[in-house]
Every structure is written in structure tokens, then in C-alpha cells.
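Peer 1: I have a structure here, written as C-alpha cells, and I will follow up with some questions on it.
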Amino acid sequence: MELHDVWFVLIAVLWTGYFFLEGFDFGVGILTKLLARDRPERRVLINTIGPVWDGNEVWLLTAGGATFAAFPEWYATLFSGFYLPLLVILVCLIIRGVAFEYRAKRPEEAWQRNWETAIFWTSLLPAFLWGVAFGNIVRGVKIDQHFEYVGSVGDLLNPYALLGGLVTLTLFTFHGAVFTALKTVGDIRVRARKLARWVGLVTAVVALAFLLWTQADNGDGKSLVALVVAVVALVAALVANQVGREGWAFALSGVTIVAAVAMLFLSLFPNVMPSTLNGDWSLTVTNASSSPYTLKIMTWLAAIATPLVLLYQGWTYWVFRKRIGTQHLAPDAAAGAAH
């Protein structure tokens, strides 16, 4: 296996890790409006991801940086052609981070309500737009002989990509609901399990349609295996959620995300961005990659840094592993003025 193939796999792993972790992160943000009934419950939801949301976003920075260094042509075409949707995602992530930090800085109800609304929308929009972006990457876009995107924003809003957006939106919401059930106690835990059941059923329908469409257009035997794993894991997650096995439900919803993302990358390889204008103009792992020397240096750095990052992030999740509920909020927090 060549180094550019190795880095394609590593970038796929980074995006998979990002969607696994930031997936439930976005899902919890969406649930602040769909599940929480009052401000203390919204505080509980925010507290479940409070210690980890910024660490989850590190995976996005690493995936973007690795793409830039390992496949500069891919990075240039992707970020120039998808400039507007990626800009929207970036702005959402910035506002979302500010909202988490500033929501409790003042006790006024309007102040906190506005930041809570910001958390909801800046969780929902990226959850949808990431699916649209990756749907277009797998489907292919208008790339000319100079490896430049020559389409419009409207071209990105095609039925396949929009369906991909619905898949990530519903799947992340389901992932967030089972995470909430795993991390909370009391009535909110029970309602999270009930909501996860209904969201999971919707997810199963749209995800099956999207994955079958992907398999029909670009799939092979390996992607078919990933499709089957994703579908089986999602059904098993629904069953585990129904019988109250929240840990298993969360793990299996995570397997669903891993298998679904793996299927997309398996369908894509050896392309990184197919051209719908001419197959010879597609970006591949060969023509989009950096020099072998650059990839070699990157491989050594990744081998040293990656285990340290994984250990630190794993330790963070271990420290903040306990369940929480409204009874764990300080008195002023329960009244809506908490940090």
C-alpha cells in the first residue's frame, strides 16, 4: 500500500472519529429544543457535553489539516468549490462555541434564551450541511481539466446530497438522544429514550434509502459489507434503546456512524473528488497527493502525536463519565442563572 493510500485511510478515520464524537454533540444541541422542557433541563443537556464539545472539534481541525498537507489539490478544490456551505458551518461552530461560554454570563432570561436558541440552530445546520457536503463529494461535482470546481451553489443542492443531509441530521439527533439517555437520570432520561425510538425509526428509513442509492451508483463488495453493518447496527441500537440498554444503544449508534462513513469512503476510493464532467478530470489519491517525502514526515508525526491525543481525550471522558440530572445543578443554576 502506497503512502497516499495510507493517508486516504487515515483521513477517513479522522472524519469518522469527528462524526462519531461531534455527532452526539450536535444531537444534544438539537435536543435542547426538542427534548428539554425548561431551562434547568436545557442546562443538564448542555452540561452532558460541556467538558467534551471543544475536544470533539479537534478531530475536525485535524481532518482538515491532514487533508491540506496530504492532499493539497483535494483541499483546494473542496474548500473553494464548497466555500459557502463550509463558511456557514464555520460560522455556526464559532457562534456555537461562544454560546456555550456566554450563555450563563448574565442572569437575564432573554439573554440566556437567545444563546440557547443559537446553540440549537448552530447544532442543526452543521449536522445537515455535513451530509450535503459529503453527499456531493461521493456523487461527484463539476471539476474541469484544471481540477477546479466550475459548478454553482445550486448544483450542490441536488436530491442525493439533500438526502445525505437528512441522514446526518437524523442520525446525529438519534446519536445525541441515546447519549442523553446514557448520561442523565430521572424523567429526562426516560423521555430521551422515547424520543430516540421515534427519531431512530425515521433515521432507519432515510439512511437505508441513501445507502442503497450510494451502493447502486458507486458501490462494490466492500461497501456492501459496510452497508449491511450500518443497517444491522442501527436496528440493534433501536432494540437496545427499547429495552433500556443505553450503553449498548450508544455504542451501536456509533457503529452505525462508523460503518456509514466507511461505506462512503469505500465508494469514493481511489477518487477523492470525482468529476461529473469527465472521469479523467477526477481528483484521485494519486494526482491530488503531496510528495512521498511529505507523506513520510507526516506519517512519523502522526504515529507520535495520535496516541497521546487519544489517551488525553479518553481520560477526559472517563473523568466526566457520571450521569447528571436537574438535582445536580446548583440552586442558582436550577433557577436559570447557572454557569
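Residues are referred to by chain and number: the chain letter is A, B, ... according to the order shown in the C-alpha cells, the number counts from 1 in that chain, and ligands are numbered separately from 1 in the order shown.
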Taking only region 144-302 of chain A into account, list the residues labelled strand (DSSP E or B) by DSSP (computed from the backbone), as a VMD selection string.

Peer 2: chain A and resid 149 184 271 to 273 275 283 to 284

Peer 1: What are the closest atom pairs, with distances in Å to one decimal, for all residues of region 193-279 of chain A lying within 12 Å of region 67-83 of chain A? Consider only C-alpha atoms, order rows by chain and residue number, and present the result as a tab-separated table.

Peer 2:
```
residue	atom	partner	partner_atom	distance
A:Asn271	CA	A:Trp74	CA	9.9
A:Val272	CA	A:Trp74	CA	6.8
A:Met273	CA	A:Trp74	CA	7.0
A:Pro274	CA	A:Trp74	CA	10.4
A:Ser275	CA	A:Thr77	CA	11.2
```

Peer 1: Quick check for you: according to DSSP on this backbone, which residues of region 156-325 of chain A are classed as alpha helix (DSSP H)? Reply as a ChimeraX atom specification.

Peer 2: /A:156,159-183,187-218,221-242,246-268,292-319

Peer 1: Using C-alpha atoms, can you export the residues from the last selection as a compact mmCIF listing (two decimals), in the first residue's frame?

Peer 2:
```txt
# COMPACT_ATOMS: atom_id res chain seq x y z
CA LEU A 156 -24.67 21.23 -4.57
CA PRO A 159 -31.57 15.31 -4.34
CA TYR A 160 -28.81 12.86 -3.41
CA ALA A 161 -26.87 15.42 -1.37
CA LEU A 162 -30.01 16.75 0.33
CA LEU A 163 -30.93 13.18 1.29
CA GLY A 164 -27.42 12.84 2.71
CA GLY A 165 -28.07 15.95 4.77
CA LEU A 166 -31.26 14.43 6.17
CA VAL A 167 -29.34 11.27 7.06
CA THR A 168 -26.67 13.07 9.07
CA LEU A 169 -29.26 15.32 10.72
CA THR A 170 -31.49 12.45 11.87
CA LEU A 171 -28.60 10.10 12.67
CA PHE A 172 -26.80 12.69 14.79
CA THR A 173 -30.06 13.53 16.58
CA PHE A 174 -30.61 9.85 17.33
CA HIS A 175 -26.99 9.51 18.46
CA GLY A 176 -27.47 12.52 20.73
CA ALA A 177 -30.71 11.12 22.17
CA VAL A 178 -29.15 7.80 23.18
CA PHE A 179 -26.15 9.68 24.58
CA THR A 180 -28.55 11.83 26.63
CA ALA A 181 -30.28 8.71 27.95
CA LEU A 182 -26.87 7.31 28.87
CA LYS A 183 -25.71 10.47 30.66
CA ASP A 187 -37.60 11.95 33.73
CA ILE A 188 -35.33 13.45 31.09
CA ARG A 189 -33.61 10.08 30.71
CA VAL A 190 -36.94 8.34 30.11
CA ARG A 191 -38.07 10.93 27.58
CA ALA A 192 -34.73 10.76 25.79
CA ARG A 193 -35.22 7.03 25.25
CA LYS A 194 -38.72 7.58 23.90
CA LEU A 195 -37.58 10.31 21.55
CA ALA A 196 -34.64 8.17 20.42
CA ARG A 197 -37.07 5.45 19.38
CA TRP A 198 -39.03 7.70 17.04
CA VAL A 199 -36.02 9.56 15.68
CA GLY A 200 -34.28 6.23 15.15
CA LEU A 201 -37.15 4.90 13.06
CA VAL A 202 -37.03 7.98 10.82
CA THR A 203 -33.25 7.63 10.61
CA ALA A 204 -33.56 3.99 9.55
CA VAL A 205 -35.81 4.92 6.62
CA VAL A 206 -33.74 7.82 5.23
CA ALA A 207 -30.39 6.13 5.93
CA LEU A 208 -31.41 2.92 4.16
CA ALA A 209 -32.58 4.90 1.12
CA PHE A 210 -29.35 6.92 1.00
CA LEU A 211 -27.01 3.96 1.49
CA LEU A 212 -28.81 1.85 -1.11
CA TRP A 213 -28.61 4.76 -3.55
CA THR A 214 -24.89 5.07 -2.85
CA GLN A 215 -24.36 1.34 -3.31
CA ALA A 216 -26.26 1.31 -6.58
CA ASP A 217 -24.25 4.21 -8.04
CA ASN A 218 -20.73 3.66 -6.67
CA GLY A 221 -18.44 -5.74 -2.37
CA LYS A 222 -16.58 -3.91 0.40
CA SER A 223 -19.04 -1.04 0.53
CA LEU A 224 -21.90 -3.56 0.60
CA VAL A 225 -20.43 -5.14 3.73
CA ALA A 226 -20.23 -1.70 5.35
CA LEU A 227 -23.84 -1.02 4.35
CA VAL A 228 -25.03 -4.24 5.98
CA VAL A 229 -23.06 -3.48 9.16
CA ALA A 230 -24.56 0.04 9.32
CA VAL A 231 -28.13 -1.21 8.90
CA VAL A 232 -27.75 -4.08 11.38
CA ALA A 233 -26.10 -1.80 13.95
CA LEU A 234 -28.87 0.79 13.64
CA VAL A 235 -31.58 -1.83 14.11
CA ALA A 236 -29.68 -3.27 17.08
CA ALA A 237 -29.33 0.22 18.56
CA LEU A 238 -33.09 0.68 18.33
CA VAL A 239 -33.64 -2.64 20.08
CA ALA A 240 -31.10 -1.84 22.80
CA ASN A 241 -32.72 1.55 23.35
CA GLN A 242 -36.16 -0.05 23.59
CA GLU A 246 -28.39 2.67 26.96
CA GLY A 247 -24.69 1.86 26.84
CA TRP A 248 -25.24 -0.69 24.09
CA ALA A 249 -27.59 1.67 22.25
CA PHE A 250 -24.96 4.41 22.21
CA ALA A 251 -22.17 2.05 21.15
CA LEU A 252 -24.31 0.62 18.36
CA SER A 253 -25.42 4.03 17.11
CA GLY A 254 -21.72 4.86 17.00
CA VAL A 255 -21.05 1.70 14.98
CA THR A 256 -23.77 2.85 12.58
CA ILE A 257 -21.95 6.15 12.02
CA VAL A 258 -18.58 4.41 11.63
CA ALA A 259 -19.93 1.90 9.11
CA ALA A 260 -21.87 4.53 7.14
CA VAL A 261 -18.85 6.84 6.84
CA ALA A 262 -16.67 3.86 5.95
CA MET A 263 -19.09 2.97 3.18
CA LEU A 264 -18.86 6.49 1.73
CA PHE A 265 -15.06 6.41 1.66
CA LEU A 266 -15.03 2.87 0.25
CA SER A 267 -17.39 4.02 -2.50
CA LEU A 268 -15.15 7.01 -3.17
CA PRO A 292 6.22 10.95 -0.90
CA TYR A 293 8.71 12.76 1.36
CA THR A 294 5.96 14.99 2.79
CA LEU A 295 3.73 12.00 3.42
CA LYS A 296 6.61 10.15 5.09
CA ILE A 297 7.25 13.02 7.53
CA MET A 298 3.54 13.30 8.26
CA THR A 299 3.33 9.58 8.98
CA TRP A 300 6.08 9.76 11.62
CA LEU A 301 4.47 12.80 13.27
CA ALA A 302 1.05 11.14 13.30
CA ALA A 303 2.50 7.98 14.83
CA ILE A 304 3.89 10.01 17.74
CA ALA A 305 1.07 12.51 18.34
CA THR A 306 -2.07 10.44 17.72
CA PRO A 307 -1.74 8.05 20.71
CA LEU A 308 -1.16 11.00 23.06
CA VAL A 309 -4.29 12.79 21.82
CA LEU A 310 -6.37 9.62 22.12
CA LEU A 311 -5.14 8.98 25.67
CA TYR A 312 -5.91 12.52 26.78
CA GLN A 313 -9.37 12.58 25.23
CA GLY A 314 -10.17 9.13 26.63
CA TRP A 315 -9.12 10.34 30.08
CA THR A 316 -11.46 13.35 29.74
CA TYR A 317 -14.44 11.10 29.01
CA TRP A 318 -13.52 8.85 31.92
CA VAL A 319 -13.36 11.75 34.38
```

Peer 1: Would you pick out the contacts of region 115-127 of chain A at 6 Å or less, using only C-alpha atoms, so that residues sharing its chain but fewer than 6 positions from it are not included, and give the list as number ranges by chain?

Peer 2: A: 26, 29-30, 89, 92, 96, 99, 103, 168-169
